$ cat protein-v7.cif   # mmCIF, C-alpha atoms
data_data
#
loop_
_atom_site.label_atom_id
_atom_site.label_comp_id
_atom_site.auth_asym_id
_atom_site.auth_seq_id
_atom_site.Cartn_x
_atom_site.Cartn_y
_atom_site.Cartn_z
CA MET A 1 -19.79 23.16 2.77
CA ILE A 2 -22.05 20.12 3.01
CA THR A 3 -21.79 18.08 -0.16
CA ARG A 4 -24.44 15.92 -1.77
CA THR A 5 -24.78 12.37 -0.50
CA ILE A 6 -23.56 9.60 -2.80
CA PRO A 7 -24.84 6.09 -1.96
CA VAL A 8 -22.31 3.29 -2.42
CA GLY A 9 -23.85 -0.06 -1.68
CA SER A 10 -25.15 0.10 1.88
CA ILE A 11 -23.15 3.19 2.90
CA ASN A 12 -23.21 6.88 2.06
CA ILE A 13 -20.37 9.25 1.27
CA GLY A 14 -20.85 12.98 1.72
CA GLY A 15 -23.69 15.02 3.13
CA ASN A 16 -23.79 14.58 6.88
CA SER A 17 -22.56 11.00 6.69
CA PRO A 18 -19.64 9.76 8.82
CA ILE A 19 -16.22 9.85 7.20
CA ALA A 20 -15.84 6.67 5.17
CA LEU A 21 -12.72 4.61 4.62
CA ILE A 22 -11.67 3.28 1.21
CA ALA A 23 -8.85 0.84 1.88
CA GLY A 24 -7.01 -2.23 0.68
CA PRO A 25 -3.75 -3.26 -0.97
CA CYS A 26 -2.45 -1.32 -3.95
CA VAL A 27 -2.82 -4.29 -6.27
CA ILE A 28 -4.24 -7.81 -6.06
CA GLU A 29 -1.29 -10.07 -5.22
CA SER A 30 -3.31 -13.27 -4.74
CA GLU A 31 -6.86 -14.32 -3.98
CA LYS A 32 -5.85 -15.50 -0.52
CA SER A 33 -4.09 -12.28 0.50
CA CYS A 34 -6.84 -10.13 -0.97
CA LEU A 35 -9.54 -11.93 1.04
CA GLU A 36 -7.44 -11.86 4.20
CA VAL A 37 -6.87 -8.11 4.00
CA ALA A 38 -10.53 -7.45 3.19
CA LEU A 39 -11.76 -9.57 6.12
CA ARG A 40 -9.39 -7.91 8.57
CA LEU A 41 -10.38 -4.45 7.33
CA LYS A 42 -14.06 -5.35 7.66
CA GLU A 43 -13.57 -6.55 11.24
CA LEU A 44 -11.56 -3.49 12.26
CA THR A 45 -13.86 -0.92 10.68
CA ALA A 46 -16.98 -2.65 12.00
CA SER A 47 -15.57 -2.56 15.54
CA LEU A 48 -14.91 1.18 15.21
CA LYS A 49 -18.14 1.90 13.30
CA VAL A 50 -16.29 3.29 10.27
CA PRO A 51 -18.09 2.86 6.90
CA PHE A 52 -15.80 0.76 4.70
CA ILE A 53 -15.24 0.23 0.97
CA PHE A 54 -12.62 -2.27 -0.21
CA LYS A 55 -10.17 -1.26 -2.93
CA SER A 56 -7.52 -3.06 -4.92
CA SER A 57 -6.34 -2.90 -8.51
CA TYR A 58 -6.67 -5.79 -10.94
CA ASP A 59 -4.20 -4.16 -13.36
CA LYS A 60 -1.83 -1.28 -12.72
CA ALA A 61 -1.21 -0.21 -16.29
CA ASN A 62 0.61 2.99 -15.37
CA ARG A 63 3.77 1.56 -13.78
CA LEU A 64 7.02 3.25 -14.78
CA SER A 65 8.89 0.07 -15.66
CA LEU A 66 7.81 -2.65 -18.08
CA ASN A 67 8.96 -5.16 -15.46
CA SER A 68 6.83 -3.79 -12.60
CA TYR A 69 4.15 -6.05 -11.17
CA ARG A 70 0.76 -5.08 -12.62
CA GLY A 71 -1.65 -7.56 -11.05
CA PRO A 72 -3.63 -10.57 -12.29
CA GLY A 73 -5.37 -8.70 -15.12
CA LEU A 74 -9.00 -7.97 -15.96
CA LYS A 75 -10.62 -11.43 -15.97
CA LYS A 76 -8.86 -13.03 -13.01
CA GLY A 77 -8.79 -9.76 -11.07
CA LEU A 78 -12.52 -9.17 -11.39
CA GLU A 79 -13.17 -12.78 -10.35
CA ILE A 80 -11.19 -12.19 -7.16
CA LEU A 81 -12.90 -8.86 -6.44
CA HIS A 82 -16.28 -10.55 -6.98
CA LYS A 83 -15.35 -13.17 -4.37
CA VAL A 84 -14.35 -10.43 -1.94
CA LYS A 85 -17.68 -8.72 -2.52
CA GLN A 86 -19.65 -11.91 -1.98
CA LYS A 87 -17.72 -13.27 1.01
CA VAL A 88 -16.90 -10.07 2.88
CA LYS A 89 -20.06 -8.23 1.82
CA VAL A 90 -18.54 -4.82 1.22
CA PRO A 91 -18.67 -2.37 -1.72
CA ILE A 92 -15.75 -2.61 -4.14
CA LEU A 93 -13.61 0.06 -5.86
CA SER A 94 -10.97 -0.51 -8.51
CA ASP A 95 -9.28 1.70 -11.06
CA VAL A 96 -9.97 1.23 -14.76
CA HIS A 97 -7.11 2.12 -17.08
CA CYS A 98 -8.80 1.20 -20.34
CA GLN A 99 -12.14 2.37 -21.71
CA SER A 100 -12.87 -1.10 -23.08
CA HIS A 101 -12.67 -2.62 -19.56
CA ILE A 102 -15.64 -0.66 -18.25
CA ALA A 103 -18.33 -2.94 -19.68
CA GLU A 104 -16.95 -5.91 -17.72
CA ALA A 105 -15.80 -3.99 -14.67
CA LYS A 106 -19.20 -2.45 -14.00
CA ALA A 107 -20.66 -5.91 -13.35
CA VAL A 108 -18.45 -6.21 -10.24
CA LEU A 109 -17.42 -2.73 -9.12
CA ASP A 110 -19.52 -0.34 -7.06
CA ILE A 111 -17.10 2.50 -7.81
CA ILE A 112 -15.20 2.91 -11.06
CA GLN A 113 -12.07 4.89 -10.34
CA ILE A 114 -10.45 7.04 -13.02
CA PRO A 115 -6.67 7.03 -12.43
CA ALA A 116 -4.97 10.39 -11.91
CA PHE A 117 -2.94 10.09 -15.11
CA LEU A 118 -6.16 9.54 -17.12
CA CYS A 119 -8.40 12.07 -15.41
CA ARG A 120 -8.61 14.37 -18.43
CA GLN A 121 -9.37 11.63 -20.96
CA THR A 122 -12.84 12.49 -22.19
CA ASP A 123 -13.85 9.10 -23.57
CA ILE A 124 -13.04 7.13 -20.44
CA LEU A 125 -14.83 9.67 -18.22
CA VAL A 126 -17.97 9.68 -20.35
CA THR A 127 -18.01 5.90 -20.74
CA ALA A 128 -17.56 5.49 -16.99
CA GLY A 129 -20.49 7.84 -16.50
CA HIS A 130 -22.67 5.78 -18.84
CA SER A 131 -21.94 2.70 -16.72
CA GLY A 132 -24.36 4.02 -14.13
CA LYS A 133 -21.85 3.29 -11.39
CA VAL A 134 -20.36 5.76 -8.95
CA VAL A 135 -17.35 7.39 -10.66
CA ASN A 136 -14.35 8.46 -8.57
CA ILE A 137 -12.15 10.97 -10.40
CA LYS A 138 -8.63 11.13 -9.02
CA LYS A 139 -7.31 14.63 -9.63
CA GLY A 140 -4.08 14.45 -11.62
CA GLN A 141 -0.82 15.38 -9.92
CA PHE A 142 -0.42 17.99 -12.66
CA MET A 143 -3.75 19.75 -12.09
CA ALA A 144 -5.02 22.69 -10.07
CA PRO A 145 -8.03 21.89 -7.87
CA TRP A 146 -10.34 24.22 -9.81
CA ASP A 147 -9.56 22.28 -12.99
CA ILE A 148 -11.74 19.45 -11.66
CA GLU A 149 -14.92 21.25 -12.75
CA PRO A 150 -14.64 20.45 -16.50
CA LEU A 151 -13.94 16.82 -15.65
CA ILE A 152 -17.08 16.64 -13.53
CA LYS A 153 -19.07 18.02 -16.45
CA LYS A 154 -17.73 15.25 -18.71
CA VAL A 155 -19.17 12.60 -16.39
CA GLU A 156 -22.38 14.59 -15.88
CA SER A 157 -22.87 14.72 -19.66
CA SER A 158 -23.79 11.02 -19.45
CA GLY A 159 -26.62 11.86 -17.08
CA ASN A 160 -24.68 10.36 -14.15
CA LYS A 161 -24.26 12.56 -11.09
CA LYS A 162 -22.89 9.86 -8.80
CA ILE A 163 -19.43 11.40 -8.66
CA LEU A 164 -16.60 11.45 -6.12
CA ILE A 165 -13.37 13.46 -6.35
CA THR A 166 -10.03 12.42 -4.89
CA GLU A 167 -7.04 14.54 -3.94
CA ARG A 168 -3.73 12.64 -4.10
CA GLY A 169 -1.11 15.37 -3.98
CA VAL A 170 0.40 17.58 -6.64
CA SER A 171 3.81 17.39 -8.33
CA PHE A 172 6.44 19.38 -6.47
CA GLY A 173 9.61 19.29 -8.52
CA TYR A 174 11.01 15.97 -9.66
CA ASN A 175 10.01 12.69 -7.94
CA ASN A 176 8.05 14.43 -5.22
CA LEU A 177 4.47 15.32 -4.29
CA VAL A 178 3.04 17.81 -1.84
CA SER A 179 -0.47 18.11 -0.40
CA ASP A 180 -2.23 21.46 -0.54
CA LEU A 181 -5.20 20.95 1.77
CA ARG A 182 -6.89 24.04 0.35
CA SER A 183 -7.75 21.83 -2.61
CA LEU A 184 -10.17 19.84 -0.43
CA SER A 185 -12.24 22.96 0.19
CA ILE A 186 -11.95 24.20 -3.39
CA MET A 187 -13.09 20.88 -4.86
CA ARG A 188 -15.89 20.49 -2.33
CA ASP A 189 -17.33 23.72 -3.70
CA SER A 190 -18.39 21.58 -6.67
CA GLY A 191 -21.01 20.05 -4.39
CA TYR A 192 -19.57 16.57 -4.72
CA PRO A 193 -17.88 14.59 -1.92
CA VAL A 194 -14.09 14.80 -1.73
CA ILE A 195 -11.77 11.98 -0.71
CA TYR A 196 -8.24 12.44 0.56
CA ASP A 197 -5.76 9.80 -0.59
CA ALA A 198 -3.18 9.93 2.17
CA THR A 199 -0.99 7.08 0.94
CA HIS A 200 -0.49 8.17 -2.66
CA SER A 201 0.10 11.70 -1.42
CA VAL A 202 3.37 10.54 0.16
CA GLN A 203 4.48 8.65 -2.94
CA LEU A 204 7.79 9.60 -4.54
CA PRO A 205 7.04 8.94 -8.24
CA GLY A 206 10.03 7.28 -9.87
CA GLY A 207 11.92 7.90 -6.66
CA LYS A 208 13.73 4.58 -6.84
CA GLY A 209 14.78 4.91 -10.45
CA THR A 210 12.52 2.35 -12.12
CA CYS A 211 9.80 2.37 -9.47
CA SER A 212 8.21 4.71 -6.96
CA GLY A 213 9.44 5.37 -3.47
CA GLY A 214 7.39 6.70 -0.60
CA GLN A 215 7.38 8.30 2.84
CA ARG A 216 4.82 6.34 4.82
CA GLN A 217 5.88 8.07 8.05
CA PHE A 218 3.80 11.07 6.95
CA VAL A 219 0.58 9.18 6.11
CA SER A 220 -1.12 9.43 9.50
CA GLY A 221 -0.29 13.10 10.04
CA LEU A 222 -1.63 14.09 6.63
CA ALA A 223 -4.75 11.97 7.10
CA ARG A 224 -5.50 13.61 10.45
CA ALA A 225 -4.96 17.05 8.94
CA ALA A 226 -7.28 16.29 6.01
CA VAL A 227 -10.06 15.11 8.31
CA ALA A 228 -9.70 18.24 10.45
CA PHE A 229 -9.64 20.45 7.36
CA GLY A 230 -12.68 18.76 5.86
CA CYS A 231 -13.06 15.71 3.65
CA ASP A 232 -15.80 13.14 3.20
CA ALA A 233 -13.69 9.98 3.05
CA LEU A 234 -10.12 8.74 3.39
CA PHE A 235 -8.33 6.55 0.87
CA LEU A 236 -5.58 4.44 2.43
CA GLU A 237 -3.58 1.60 0.93
CA VAL A 238 -3.04 -1.08 3.55
CA HIS A 239 -0.95 -4.24 3.46
CA LEU A 240 -0.19 -7.03 5.93
CA THR A 241 3.55 -6.50 5.37
CA PRO A 242 4.08 -3.28 3.36
CA ASP A 243 7.83 -3.80 2.96
CA LYS A 244 7.14 -7.04 1.09
CA ALA A 245 4.36 -5.62 -1.12
CA LEU A 246 4.69 -6.14 -4.87
CA CYS A 247 3.62 -2.58 -5.65
CA ASP A 248 3.75 0.77 -3.82
CA GLY A 249 5.00 -0.76 -0.57
CA PRO A 250 6.91 2.37 0.57
CA ASN A 251 3.72 4.41 0.85
CA MET A 252 1.39 1.74 2.29
CA ILE A 253 0.68 1.30 6.00
CA ASP A 254 0.11 -1.81 8.12
CA PHE A 255 -2.84 -2.72 10.33
CA LYS A 256 -1.22 -1.56 13.54
CA GLU A 257 -0.85 1.97 12.23
CA LEU A 258 -4.28 1.86 10.63
CA GLU A 259 -6.05 1.03 13.88
CA ILE A 260 -4.30 3.83 15.75
CA LEU A 261 -5.09 6.26 12.93
CA LEU A 262 -8.78 5.33 12.74
CA ARG A 263 -9.18 5.83 16.48
CA GLN A 264 -7.58 9.27 16.17
CA ILE A 265 -9.78 10.16 13.22
CA LYS A 266 -12.92 9.21 15.12
CA LYS A 267 -11.92 11.64 17.87
CA ILE A 268 -11.20 14.43 15.38
CA GLU A 269 -14.48 13.83 13.59
CA ALA A 270 -16.41 13.93 16.89
CA SER A 271 -14.85 17.29 17.72
CA LEU A 272 -15.85 19.01 14.49
#
$ encode --input "protein-v7.cif" --output "structure tokens"
Amino acid sequence: MITRTIPVGSINIGGNSPIALIAGPCVIESEKSCLEVALRLKELTASLKVPFIFKSSYDKANRLSLNSYRGPGLKKGLEILHKVKQKVKVPILSDVHCQSHIAEAKAVLDIIQIPAFLCRQTDILVTAGHSGKVVNIKKGQFMAPWDIEPLIKKVESSGNKKILITERGVSFGYNNLVSDLRSLSIMRDSGYPVIYDATHSVQLPGGKGTCSGGQRQFVSGLARAAVAFGCDALFLEVHLTPDKALCDGPNMIDFKELEILLRQIKKIEASL
């Protein structure tokens, strides 16, 4: 099924548009590292002609432990993301964990992302819709793919039909996720573009006791499978040195793997 086309800055997601990449570190660790990753991603994707949106979180409010690194917070985080937008000249996505943040976040973000754990929260969905920005709904790990329809209607109730849907795996027992690629097709039947989040799909929630583990060795294979099965964009968390990342390092990939993966994806896309 061909989905509707959703403009995001200067690129399009869905329709007959090329598969886009949404990528960046899990969380903002510093202004310097954020800009460095964004610039390197821009250079790589431009060389391969892959449409690119930068992502990073200013505040990860859903960490398991009180002591987990959350990021620089709303004010400083948005300032950094604004600098990335201005200097690197790319669209920006970040997740919003609090309804009250939306008024400030919409001044910087091109895409407001609703975190998976909050995807059923009516007020945050409707308020995000009223922002006028593109809204990316991450399907909760606890939800069936057909359950996305009522969530779409919550955003649509604001008059906003600039909606994206993201698959990030589904809970499979304790501390484990599994990807059911049928969900990509089922959710695309809504008519909206579907993104596959390959890095969070290999997360092991709470797998290290007070923080998440991950199985990054499966990221590339799942991403290739999702592209072959049918998705409109890929979501990948990328870090210069994933093993030293302050958040979600075990499921992030480095630039060497990313370049190989993007070249493979281009070949798969050309064959479809």
$ closest_residue --input "protein-v7.cif" --among "A:Arg120, A:His200, A:Arg182, A:Lys267" --to "Ala226 of chain A" --atoms "all atoms listed in the file"
A:Arg182
$ closest_atom_pairs --input "protein-v7.cif" --of "segment 161-259 of chain A" --to "segment 99-111 of chain A" --cutoff "12 Å" --atoms "all atoms listed in the file" --output "tab-separated table"
residue	atom	partner	partner_atom	distance
A:Lys162	CA	A:Ile111	CA	9.4
A:Ile163	CA	A:Ile111	CA	9.2
A:Leu164	CA	A:Ile111	CA	9.1
A:Ile165	CA	A:Ile111	CA	11.7
$ closest_atom_pairs --input "protein-v7.cif" --of "segment 5-24 of chain A" --to "segment 32-53 of chain A" --cutoff "8 Å" --atoms "all atoms listed in the file" --output "JSON lines"
{"residue": "A:Ile11", "atom": "CA", "partner": "A:Pro51", "partner_atom": "CA", "distance": 6.5}
{"residue": "A:Pro18", "atom": "CA", "partner": "A:Pro51", "partner_atom": "CA", "distance": 7.3}
{"residue": "A:Ile19", "atom": "CA", "partner": "A:Pro51", "partner_atom": "CA", "distance": 7.2}
{"residue": "A:Ala20", "atom": "CA", "partner": "A:Pro51", "partner_atom": "CA", "distance": 4.8}
{"residue": "A:Leu21", "atom": "CA", "partner": "A:Phe52", "partner_atom": "CA", "distance": 4.9}
{"residue": "A:Ile22", "atom": "CA", "partner": "A:Ile53", "partner_atom": "CA", "distance": 4.7}
{"residue": "A:Ala23", "atom": "CA", "partner": "A:Ile53", "partner_atom": "CA", "distance": 6.5}
{"residue": "A:Gly24", "atom": "CA", "partner": "A:Val37", "partner_atom": "CA", "distance": 6.8}
$ atom_distance --input "protein-v7.cif" --atom1 "atom CA of Ser68 of chain A" --atom2 "atom CA of Ala116 of chain A"
18.5 Å
$ resolve_selection --input "protein-v7.cif" --expression "the PyMOL selection byres ((chain A and resi 75) around 10)" --output "count of residues only"
12
$ closest_residue --input "protein-v7.cif" --among "A:Ile137, A:Gln264, A:Ala245, A:Gly209" --to "Tyr196 of chain A" --atoms "all atoms listed in the file"
A:Ile137
$ resolve_selection --input "protein-v7.cif" --expression "the PyMOL selection byres ((chain A and resi 241-244) around 12)" --output "list in words"
Gly24, Pro25, Cys26, Val27, Glu29, Ser33, Val37, Thr199, Gly213, Gly214, Arg216, Glu237, Val238, His239, Leu240, Ala245, Leu246, Cys247, Asp248, Gly249, Pro250, Asn251, Met252, Ile253, Asp254, Phe255, Lys256 and Glu257 of chain A
$ residues_around --input "protein-v7.cif" --residues "Gly140 of chain A" --least-positions-apart "5" --cutoff "9 Å" --atoms "all atoms listed in the file" --output "ChimeraX atom specification"
/A:115-120,167-170
$ write_last_selection --input "protein-v7.cif" --atoms "C-alpha atoms" --output "PDB file, in the frame of the given file"
ATOM      1  CA  PRO A 115      -6.670   7.030 -12.430  1.00  0.00           C
ATOM      2  CA  ALA A 116      -4.970  10.390 -11.910  1.00  0.00           C
ATOM      3  CA  PHE A 117      -2.940  10.090 -15.110  1.00  0.00           C
ATOM      4  CA  LEU A 118      -6.160   9.540 -17.120  1.00  0.00           C
ATOM      5  CA  CYS A 119      -8.400  12.070 -15.410  1.00  0.00           C
ATOM      6  CA  ARG A 120      -8.610  14.370 -18.430  1.00  0.00           C
ATOM      7  CA  GLU A 167      -7.040  14.540  -3.940  1.00  0.00           C
ATOM      8  CA  ARG A 168      -3.730  12.640  -4.100  1.00  0.00           C
ATOM      9  CA  GLY A 169      -1.110  15.370  -3.980  1.00  0.00           C
ATOM     10  CA  VAL A 170       0.400  17.580  -6.640  1.00  0.00           C
TER      11      VAL A 170
END
$ closest_residue --input "protein-v7.cif" --among "A:Ala233, A:Val194, A:Ile6, A:Met187" --to "Met143 of chain A" --atoms "all atoms listed in the file"
A:Met187
$ resolve_selection --input "protein-v7.cif" --expression "the PyMOL selection byres ((chain A and resi 181) around 12)" --output "PyMOL selection string"
chain A and resi 144-145+166-170+178-180+182-188+194-198+201+222-231
